[in-house]
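Below is one structure, written out as structure tokens, with a few remarks after it.
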Amino acid sequence: MIPKTHPRKKSLDIRHRLVNGFKQGLVAHAGLIAHGRGEAFDYLIGEKTISEARKAEEAAVALLLLAKKPVISVNGNTASLCPREVVQLAKTVNAGIEVNLFYRGRGREKKIAAILKKAGAKKVHGVGVKTKKIKNLASPRALIDTALWESDVVLVPLEDGDRTEALAAMGKKVIAIDLNPLSRTAQKATITIVDNIVRAMPNMIALAERLREEKREKVDRYVTSFNNKRNLAAVERLIRKSL
Ligand code: ATP
């Protein structure tokens, strides 16, 4: 238990959630290391939602609301840090939920699906046999469920670059949440949210509740006025300036 007065309480609490997730078999060894890379970038952006992230979150939520078949792809870190938020966002934008792991194992898939179901998910895709295969992706993650195969917009928090690129090459619009604006994922996604997933998801739920009441033209404008390359360049400038 971290004392309330500890200056790094929030950050340490998040670490503990991941360590617990690891002990429960949800998070892979490498997931803990990936979190460390994220933490370093979070430090550089001031551990807050910067205005560029806010704009990306608006565009991302608008894109999810306009999608025909949106899917949220969940890995072990995401399931440990914000299972309730994944389910709530999926309900608000009417998206499917799919488990997708870099380090695959039927046991871990089932555990992640169980956490999501406990958080209120009715259906979780991607557990067990997968019949579809993403082209040009040399990893077991190329095998996917029909939900992801048929999707037009995919939210991939904490994804790797290869799969982001492969999903984009399939014609899907890819929304990434990634604290590292330099990662291949950040560079290849249609919309990159440079924010910590624990802040981004609640922000996106609140935005989805607001934007789904708006007229379609207004929702459209959030997407058409957003430029991912420009947004990422602005994040990089902010990081350099803050140093
Ligand atoms: P890429 O293949 O895209 O270049 P990578 O190899 O740098 O990615 P991975 O280990 O595949 O990184 O994925 C981890 C990514 O997730 C890192 O870029 C890290 O910044 C990001 N990340 C880790 N924890 C969080 C978090 N809590 N919120 C947002 N992003 C995070």
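Chain identifiers are assigned as A, B, and so on, following the order in which chains appear in the structure tokens; residues are numbered from 1 within each chain, and ligands are numbered from 1 in order of appearance.
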key: 12 Å contact set for Val153 (chain A), only C-alpha atoms, chain neighbours under 4 positions out, as number ranges by chain   = A: 60-73, 93-96, 147-149, 164, 167-168, 170-176, 189-191
task = Please identify the residues whose atoms come within 9 Å of ligand 1, using only C-alpha atoms and all ligand atoms, and report them as a ChimeraX atom specification.
result = /A:14,30-42,77-78,81,102,157-164,176-188,193-200
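The residue that comes closest to Gly126 (chain A), out of A:Asn75, A:Leu18, A:Gly46, A:Lys91 and on the basis of only C-alpha atoms, is A:Asn75.
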key: Which of region 9-99 of chain A DSSP labels alpha helix (DSSP H), written as a ChimeraX atom specification   = /A:9-23,29-44,51-66,76-81,83-93
task = Enter the distance from CA of Lys130 (chain A) to CA of Thr92 (chain A), in Å, rounded to one decimal.
result =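 The value is 26.7 Å.
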ask   = Got a sec to tell me which of region 58-139 of chain A DSSP assigns to strand (DSSP E or B), as a ChimeraX atom specification?
value = /A:70-74,96-99,125,132-133
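You will find CA of Ser80 (chain A) at 18.1 Å from CA of Asn203 (chain A).
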task = Pick out the residues sitting within 12 Å of Asp145 (chain A), and hand them over as a PyMOL selection string; count only C-alpha atoms, and ignore anything fewer than 6 positions along from it in its own chain.
result = chain A and resi 71+73+96-100+124-134+151
Kindly save the residues from that selection, with N, CA, C and O atoms included, as a compact mmCIF listing (two decimals), in the first residue's frame.
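result35.txt, freshly written:
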```
# COMPACT_ATOMS: atom_id res chain seq x y z
N VAL A 71 -13.78 -2.18 -33.40
CA VAL A 71 -13.33 -3.21 -32.45
C VAL A 71 -12.26 -2.62 -31.53
O VAL A 71 -11.42 -1.83 -31.98
N SER A 73 -9.12 -3.76 -29.34
CA SER A 73 -8.22 -4.91 -29.21
C SER A 73 -7.48 -4.81 -27.87
O SER A 73 -6.89 -3.79 -27.57
N GLY A 96 -17.01 -3.97 -30.74
CA GLY A 96 -16.70 -5.31 -30.25
C GLY A 96 -15.42 -5.26 -29.43
O GLY A 96 -14.65 -4.29 -29.52
N ILE A 97 -15.19 -6.30 -28.62
CA ILE A 97 -13.96 -6.38 -27.83
C ILE A 97 -13.25 -7.67 -28.23
O ILE A 97 -13.88 -8.74 -28.31
N GLU A 98 -11.95 -7.55 -28.49
CA GLU A 98 -11.18 -8.71 -28.92
C GLU A 98 -9.91 -8.82 -28.10
O GLU A 98 -9.24 -7.82 -27.85
N VAL A 99 -9.58 -10.02 -27.63
CA VAL A 99 -8.31 -10.22 -26.94
C VAL A 99 -7.26 -10.44 -28.01
O VAL A 99 -7.46 -11.24 -28.93
N ASN A 100 -6.15 -9.70 -27.93
CA ASN A 100 -5.07 -9.96 -28.86
C ASN A 100 -3.71 -9.83 -28.20
O ASN A 100 -3.34 -8.76 -27.74
N VAL A 124 -16.64 -11.55 -25.69
CA VAL A 124 -15.23 -11.21 -25.92
C VAL A 124 -14.72 -12.11 -27.04
O VAL A 124 -14.76 -13.34 -26.93
N HIS A 125 -14.24 -11.49 -28.13
CA HIS A 125 -13.73 -12.25 -29.27
C HIS A 125 -12.25 -12.59 -29.08
O HIS A 125 -11.59 -12.01 -28.23
N GLY A 126 -11.76 -13.45 -29.94
CA GLY A 126 -10.31 -13.70 -29.99
C GLY A 126 -9.80 -14.74 -29.02
O GLY A 126 -8.60 -14.84 -28.81
N VAL A 127 -10.71 -15.52 -28.43
CA VAL A 127 -10.24 -16.56 -27.51
C VAL A 127 -10.39 -17.91 -28.22
O VAL A 127 -11.46 -18.23 -28.72
N GLY A 128 -9.29 -18.67 -28.27
CA GLY A 128 -9.35 -19.99 -28.90
C GLY A 128 -9.00 -19.95 -30.37
O GLY A 128 -8.23 -19.09 -30.80
N VAL A 129 -9.60 -20.85 -31.15
CA VAL A 129 -9.23 -21.01 -32.56
C VAL A 129 -9.55 -19.75 -33.36
O VAL A 129 -10.64 -19.17 -33.22
N LYS A 130 -8.59 -19.32 -34.16
CA LYS A 130 -8.81 -18.15 -35.02
C LYS A 130 -8.69 -18.59 -36.48
O LYS A 130 -7.75 -19.30 -36.82
N THR A 131 -9.65 -18.18 -37.28
CA THR A 131 -9.72 -18.73 -38.63
C THR A 131 -9.16 -17.79 -39.70
O THR A 131 -8.95 -18.19 -40.83
N LYS A 132 -8.93 -16.53 -39.36
CA LYS A 132 -8.47 -15.56 -40.37
C LYS A 132 -7.00 -15.22 -40.13
O LYS A 132 -6.53 -15.25 -38.98
N LYS A 133 -6.33 -14.81 -41.21
CA LYS A 133 -4.89 -14.52 -41.08
C LYS A 133 -4.57 -13.18 -41.76
O LYS A 133 -4.93 -12.97 -42.92
N ILE A 134 -3.90 -12.31 -40.99
CA ILE A 134 -3.46 -11.03 -41.56
C ILE A 134 -2.27 -11.32 -42.48
O ILE A 134 -1.33 -12.00 -42.07
N SER A 151 -13.75 -5.80 -39.13
CA SER A 151 -13.85 -4.44 -38.58
C SER A 151 -13.35 -3.40 -39.57
O SER A 151 -12.55 -3.70 -40.45
```
task = Identify which of the residues A:Val86, A:Val27, A:Ile205, A:Ala166 lies closest to Arg108 (chain A), counting only C-alpha atoms when measuring atom-to-atom distances.
result =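 Closest to Arg108 (chain A) of all the choices is A:Val27.
Among the candidate residues A:Ile2, A:Gly25, A:Arg54, A:Lys9, the one lying nearest to Asn231 (chain A) is A:Arg54, with distances computed using only C-alpha atoms.
Among the candidate residues A:Leu143, A:Asp152, A:Arg84, A:Leu101, the one lying nearest to Ala121 (chain A) is A:Arg84, with distances computed using only C-alpha atoms.
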